[in-house]
Amino acid sequence: MSSAAPAQPSTRKGLTLTQQIFIGLALGIVAGALVQHFNPAWSAYFRPFSQLFLRLIKMVIAPLIFATLVAGIAGAGHFKVVGRMGLRAIIYFEVVTTLALVIGLVAVNLTRPGVGVNLPMGQDSGITAKPQTWDQILLHVVPESVIDAMAKGDVLQIVVFSIFFGIALGMLGDKGKPVLAWCEAVAETMFKFTNMVMHYAPIGVGAAIAYTVGHGGLGILINLAKLVLTLYAALAVLILAVFLPIAIIFKIPIRKFVRAVKEPAIIAFSTTSSEAALPRAMEVLERLGVPRRIVSFVLPLGYSFNLDGTTLYLSLAAVFVAQAAGVELTIGQQITMLLTLMLTSKGVAGVPRASLVILAGTLAMYKLPLEGITIILGVDELMDMARTMTNVIGNCLATVVIAKWEGEFTEASDQELALAAERGEI
């Protein structure tokens, strides 16, 4: 009796979310141009539909940041086991992500892609008011009440509380496992919540771009193109001016490394998902000569603490919105924003659009118009591909660096790599 033929996977019909967002963007541009031509005052009717999307996003911010940070920190109890390697990894992650943030800030201040967008909302936000003194900034970091911080959406205070809570929970050991499991469940729930909210994104994006184009004209499209080009140029600088020198300093075989990480990078670029590239990345790094125990520790850890492309994008996008709103952030405010983003970008790898949630929290902290997010969302897919690929390359590089630092990297020969390639293993 012949075995039944395997069922063919059903072809998914309908448009993907990305396609729907692009359609919403196109329709919004057309509607905005018509409104601009006939009666710009009509653009006000679009605004409530874009603001509804922003309110949905804001609901996610506090629980998502709390749950992901606590789960990430408390779940990393194996830091004590690996000790030195964990400390080296964290130091490396923070240095590189800080450099990525700085490159993003420099790039957006040089090209100034947001100037001329003229978002009408938020111009009277008072963000350029009196600067805070150092003691006010220091005291503001620690919340008097985490409930109050969550109610106000103060991202930095939520992050600080979450870090202390996560460390304390990790110190409990087995007693803390039920709370850790609860936080992981909350994080997964909020990821699903974000996915649900994103189904409204095409309408929110269409309404936002229609409102902006209807109010300010088609000139905004030039600004969005400048934003995308600025990001790609900044990521290229990150790879050439940071990644490449690091590889040279640690004497990493660059040609073999590029050959190994090419496929995971392409997967990340095409799917815009770091998680999709993780299994293949772990496999090729082991083939390259990194011990399995280092790969299994450093690479997943990097997915939470070493999001180079995402952190660069966040610094660039936040200043873009400030420029679009006609707000001039001082150097001190931009540095504080840099430190905030360095913390808030942790623990959300592999979550579609999670960077938008982090960006929303940062903008709210500085009283910048959240409407800027819906404008960015129209071209976010183009930027997401590049920053996700950069995240994967950066984490693969970090894994090899730590292996070299530990003196446990055994470089694979060209013949071994060629045989692995023939077998489809690399």
# chains A, B, ... in the order shown; residues from 1 in each chain; ligands from 1

$ residues_around --residues "stretch 279-290 of chain A" --least-positions-apart "3" --cutoff "7 Å" --atoms "only C-alpha atoms" --output "list in words"
Ala260, Val261, Pro264, Ile294, Val295, Val400, Ala403, Phe409, Thr410, Glu411, Ala412 and Ile426 of chain A

$ closest_residue --among "A:Ala26, A:Ala398, A:Val70, A:Leu307" --to "A:Thr98" --atoms "only C-alpha atoms"
A:Leu307

$ closest_residue --among "A:Phe53, A:Ala71, A:Val298, A:Phe250" --to "A:Pro178" --atoms "only C-alpha atoms"
A:Ala71

$ closest_residue --among "A:Ala386, A:Val106, A:Ile65, A:Val319" --to "A:Gly153" --atoms "only C-alpha atoms"
A:Ile65

$ decode --residues "stretch 278-324 of chain A" --atoms "N, CA and C atoms" --output "PDB file, in the first residue's frame"
ATOM      1  N   LEU A 278      19.037  33.087  13.329  1.00  0.00           N
ATOM      2  CA  LEU A 278      19.791  32.580  14.474  1.00  0.00           C
ATOM      3  C   LEU A 278      20.264  31.139  14.317  1.00  0.00           C
ATOM      4  N   PRO A 279      19.399  30.175  13.948  1.00  0.00           N
ATOM      5  CA  PRO A 279      19.875  28.785  13.847  1.00  0.00           C
ATOM      6  C   PRO A 279      21.025  28.630  12.858  1.00  0.00           C
ATOM      7  N   ARG A 280      20.896  29.256  11.690  1.00  0.00           N
ATOM      8  CA  ARG A 280      21.945  29.151  10.677  1.00  0.00           C
ATOM      9  C   ARG A 280      23.224  29.857  11.147  1.00  0.00           C
ATOM     10  N   ALA A 281      23.076  30.980  11.814  1.00  0.00           N
ATOM     11  CA  ALA A 281      24.246  31.705  12.303  1.00  0.00           C
ATOM     12  C   ALA A 281      25.023  30.865  13.316  1.00  0.00           C
ATOM     13  N   MET A 282      24.325  30.184  14.207  1.00  0.00           N
ATOM     14  CA  MET A 282      24.991  29.338  15.195  1.00  0.00           C
ATOM     15  C   MET A 282      25.748  28.210  14.504  1.00  0.00           C
ATOM     16  N   GLU A 283      25.140  27.664  13.466  1.00  0.00           N
ATOM     17  CA  GLU A 283      25.764  26.553  12.750  1.00  0.00           C
ATOM     18  C   GLU A 283      27.039  26.987  12.029  1.00  0.00           C
ATOM     19  N   VAL A 284      26.968  28.103  11.306  1.00  0.00           N
ATOM     20  CA  VAL A 284      28.132  28.519  10.509  1.00  0.00           C
ATOM     21  C   VAL A 284      29.269  29.007  11.399  1.00  0.00           C
ATOM     22  N   LEU A 285      28.954  29.599  12.544  1.00  0.00           N
ATOM     23  CA  LEU A 285      30.018  30.056  13.439  1.00  0.00           C
ATOM     24  C   LEU A 285      30.767  28.874  14.052  1.00  0.00           C
ATOM     25  N   GLU A 286      30.025  27.819  14.350  1.00  0.00           N
ATOM     26  CA  GLU A 286      30.680  26.620  14.865  1.00  0.00           C
ATOM     27  C   GLU A 286      31.579  26.015  13.796  1.00  0.00           C
ATOM     28  N   ARG A 287      31.109  26.015  12.548  1.00  0.00           N
ATOM     29  CA  ARG A 287      31.926  25.522  11.447  1.00  0.00           C
ATOM     30  C   ARG A 287      33.169  26.381  11.246  1.00  0.00           C
ATOM     31  N   LEU A 288      33.047  27.662  11.532  1.00  0.00           N
ATOM     32  CA  LEU A 288      34.161  28.586  11.349  1.00  0.00           C
ATOM     33  C   LEU A 288      35.274  28.335  12.367  1.00  0.00           C
ATOM     34  N   GLY A 289      34.917  27.740  13.525  1.00  0.00           N
ATOM     35  CA  GLY A 289      35.925  27.427  14.521  1.00  0.00           C
ATOM     36  C   GLY A 289      35.636  27.924  15.920  1.00  0.00           C
ATOM     37  N   VAL A 290      34.417  28.440  16.155  1.00  0.00           N
ATOM     38  CA  VAL A 290      34.041  28.900  17.488  1.00  0.00           C
ATOM     39  C   VAL A 290      33.449  27.719  18.265  1.00  0.00           C
ATOM     40  N   PRO A 291      33.929  27.440  19.480  1.00  0.00           N
ATOM     41  CA  PRO A 291      33.376  26.323  20.253  1.00  0.00           C
ATOM     42  C   PRO A 291      31.873  26.488  20.489  1.00  0.00           C
ATOM     43  N   ARG A 292      31.184  25.373  20.511  1.00  0.00           N
ATOM     44  CA  ARG A 292      29.727  25.407  20.643  1.00  0.00           C
ATOM     45  C   ARG A 292      29.274  26.116  21.916  1.00  0.00           C
ATOM     46  N   ARG A 293      29.988  25.908  23.012  1.00  0.00           N
ATOM     47  CA  ARG A 293      29.559  26.512  24.273  1.00  0.00           C
ATOM     48  C   ARG A 293      29.645  28.036  24.221  1.00  0.00           C
ATOM     49  N   ILE A 294      30.605  28.567  23.444  1.00  0.00           N
ATOM     50  CA  ILE A 294      30.709  30.015  23.297  1.00  0.00           C
ATOM     51  C   ILE A 294      29.631  30.528  22.349  1.00  0.00           C
ATOM     52  N   VAL A 295      29.389  29.792  21.269  1.00  0.00           N
ATOM     53  CA  VAL A 295      28.335  30.195  20.324  1.00  0.00           C
ATOM     54  C   VAL A 295      26.983  30.230  21.020  1.00  0.00           C
ATOM     55  N   SER A 296      26.676  29.176  21.773  1.00  0.00           N
ATOM     56  CA  SER A 296      25.360  29.069  22.402  1.00  0.00           C
ATOM     57  C   SER A 296      25.159  30.082  23.515  1.00  0.00           C
ATOM     58  N   PHE A 297      26.258  30.647  24.034  1.00  0.00           N
ATOM     59  CA  PHE A 297      26.150  31.655  25.086  1.00  0.00           C
ATOM     60  C   PHE A 297      26.160  33.076  24.512  1.00  0.00           C
ATOM     61  N   VAL A 298      27.178  33.395  23.717  1.00  0.00           N
ATOM     62  CA  VAL A 298      27.390  34.773  23.279  1.00  0.00           C
ATOM     63  C   VAL A 298      26.360  35.207  22.237  1.00  0.00           C
ATOM     64  N   LEU A 299      26.062  34.351  21.275  1.00  0.00           N
ATOM     65  CA  LEU A 299      25.167  34.769  20.197  1.00  0.00           C
ATOM     66  C   LEU A 299      23.757  35.103  20.700  1.00  0.00           C
ATOM     67  N   PRO A 300      23.100  34.220  21.469  1.00  0.00           N
ATOM     68  CA  PRO A 300      21.776  34.607  22.001  1.00  0.00           C
ATOM     69  C   PRO A 300      21.846  35.812  22.935  1.00  0.00           C
ATOM     70  N   LEU A 301      22.924  35.917  23.719  1.00  0.00           N
ATOM     71  CA  LEU A 301      23.085  37.061  24.607  1.00  0.00           C
ATOM     72  C   LEU A 301      23.179  38.341  23.779  1.00  0.00           C
ATOM     73  N   GLY A 302      23.895  38.264  22.667  1.00  0.00           N
ATOM     74  CA  GLY A 302      24.022  39.418  21.789  1.00  0.00           C
ATOM     75  C   GLY A 302      22.698  39.846  21.186  1.00  0.00           C
ATOM     76  N   TYR A 303      21.789  38.895  21.010  1.00  0.00           N
ATOM     77  CA  TYR A 303      20.473  39.225  20.458  1.00  0.00           C
ATOM     78  C   TYR A 303      19.679  40.134  21.396  1.00  0.00           C
ATOM     79  N   SER A 304      20.044  40.142  22.659  1.00  0.00           N
ATOM     80  CA  SER A 304      19.382  41.033  23.611  1.00  0.00           C
ATOM     81  C   SER A 304      20.192  42.287  23.897  1.00  0.00           C
ATOM     82  N   PHE A 305      21.518  42.173  23.862  1.00  0.00           N
ATOM     83  CA  PHE A 305      22.346  43.280  24.332  1.00  0.00           C
ATOM     84  C   PHE A 305      23.234  43.906  23.256  1.00  0.00           C
ATOM     85  N   ASN A 306      23.173  43.417  22.021  1.00  0.00           N
ATOM     86  CA  ASN A 306      24.105  43.912  21.004  1.00  0.00           C
ATOM     87  C   ASN A 306      23.382  44.181  19.687  1.00  0.00           C
ATOM     88  N   LEU A 307      22.367  45.023  19.728  1.00  0.00           N
ATOM     89  CA  LEU A 307      21.580  45.337  18.531  1.00  0.00           C
ATOM     90  C   LEU A 307      22.145  46.591  17.865  1.00  0.00           C
ATOM     91  N   ASP A 308      23.286  46.417  17.193  1.00  0.00           N
ATOM     92  CA  ASP A 308      24.006  47.570  16.654  1.00  0.00           C
ATOM     93  C   ASP A 308      23.185  48.338  15.624  1.00  0.00           C
ATOM     94  N   GLY A 309      22.585  47.619  14.685  1.00  0.00           N
ATOM     95  CA  GLY A 309      21.795  48.283  13.647  1.00  0.00           C
ATOM     96  C   GLY A 309      20.567  48.974  14.208  1.00  0.00           C
ATOM     97  N   THR A 310      19.916  48.313  15.154  1.00  0.00           N
ATOM     98  CA  THR A 310      18.700  48.875  15.742  1.00  0.00           C
ATOM     99  C   THR A 310      19.004  50.116  16.573  1.00  0.00           C
ATOM    100  N   THR A 311      20.074  50.078  17.356  1.00  0.00           N
ATOM    101  CA  THR A 311      20.400  51.244  18.183  1.00  0.00           C
ATOM    102  C   THR A 311      20.784  52.438  17.315  1.00  0.00           C
ATOM    103  N   LEU A 312      21.521  52.181  16.234  1.00  0.00           N
ATOM    104  CA  LEU A 312      21.863  53.269  15.315  1.00  0.00           C
ATOM    105  C   LEU A 312      20.591  53.873  14.724  1.00  0.00           C
ATOM    106  N   TYR A 313      19.676  52.999  14.305  1.00  0.00           N
ATOM    107  CA  TYR A 313      18.412  53.469  13.725  1.00  0.00           C
ATOM    108  C   TYR A 313      17.609  54.292  14.724  1.00  0.00           C
ATOM    109  N   LEU A 314      17.559  53.839  15.972  1.00  0.00           N
ATOM    110  CA  LEU A 314      16.750  54.530  16.978  1.00  0.00           C
ATOM    111  C   LEU A 314      17.265  55.946  17.230  1.00  0.00           C
ATOM    112  N   SER A 315      18.582  56.106  17.335  1.00  0.00           N
ATOM    113  CA  SER A 315      19.126  57.451  17.559  1.00  0.00           C
ATOM    114  C   SER A 315      18.848  58.341  16.362  1.00  0.00           C
ATOM    115  N   LEU A 316      18.972  57.776  15.176  1.00  0.00           N
ATOM    116  CA  LEU A 316      18.726  58.541  13.954  1.00  0.00           C
ATOM    117  C   LEU A 316      17.255  58.942  13.838  1.00  0.00           C
ATOM    118  N   ALA A 317      16.369  57.974  14.093  1.00  0.00           N
ATOM    119  CA  ALA A 317      14.935  58.226  13.934  1.00  0.00           C
ATOM    120  C   ALA A 317      14.414  59.217  14.965  1.00  0.00           C
ATOM    121  N   ALA A 318      14.903  59.136  16.208  1.00  0.00           N
ATOM    122  CA  ALA A 318      14.427  60.042  17.252  1.00  0.00           C
ATOM    123  C   ALA A 318      14.773  61.490  16.928  1.00  0.00           C
ATOM    124  N   VAL A 319      15.993  61.721  16.469  1.00  0.00           N
ATOM    125  CA  VAL A 319      16.392  63.086  16.119  1.00  0.00           C
ATOM    126  C   VAL A 319      15.672  63.547  14.856  1.00  0.00           C
ATOM    127  N   PHE A 320      15.392  62.614  13.933  1.00  0.00           N
ATOM    128  CA  PHE A 320      14.629  62.944  12.729  1.00  0.00           C
ATOM    129  C   PHE A 320      13.261  63.526  13.104  1.00  0.00           C
ATOM    130  N   VAL A 321      12.582  62.874  14.061  1.00  0.00           N
ATOM    131  CA  VAL A 321      11.268  63.350  14.490  1.00  0.00           C
ATOM    132  C   VAL A 321      11.391  64.727  15.143  1.00  0.00           C
ATOM    133  N   ALA A 322      12.428  64.924  15.947  1.00  0.00           N
ATOM    134  CA  ALA A 322      12.635  66.236  16.567  1.00  0.00           C
ATOM    135  C   ALA A 322      12.838  67.313  15.502  1.00  0.00           C
ATOM    136  N   GLN A 323      13.635  66.997  14.485  1.00  0.00           N
ATOM    137  CA  GLN A 323      13.844  67.942  13.386  1.00  0.00           C
ATOM    138  C   GLN A 323      12.540  68.207  12.646  1.00  0.00           C
ATOM    139  N   ALA A 324      11.747  67.150  12.433  1.00  0.00           N
ATOM    140  CA  ALA A 324      10.478  67.295  11.720  1.00  0.00           C
ATOM    141  C   ALA A 324       9.499  68.174  12.492  1.00  0.00           C
TER     142      ALA A 324
END
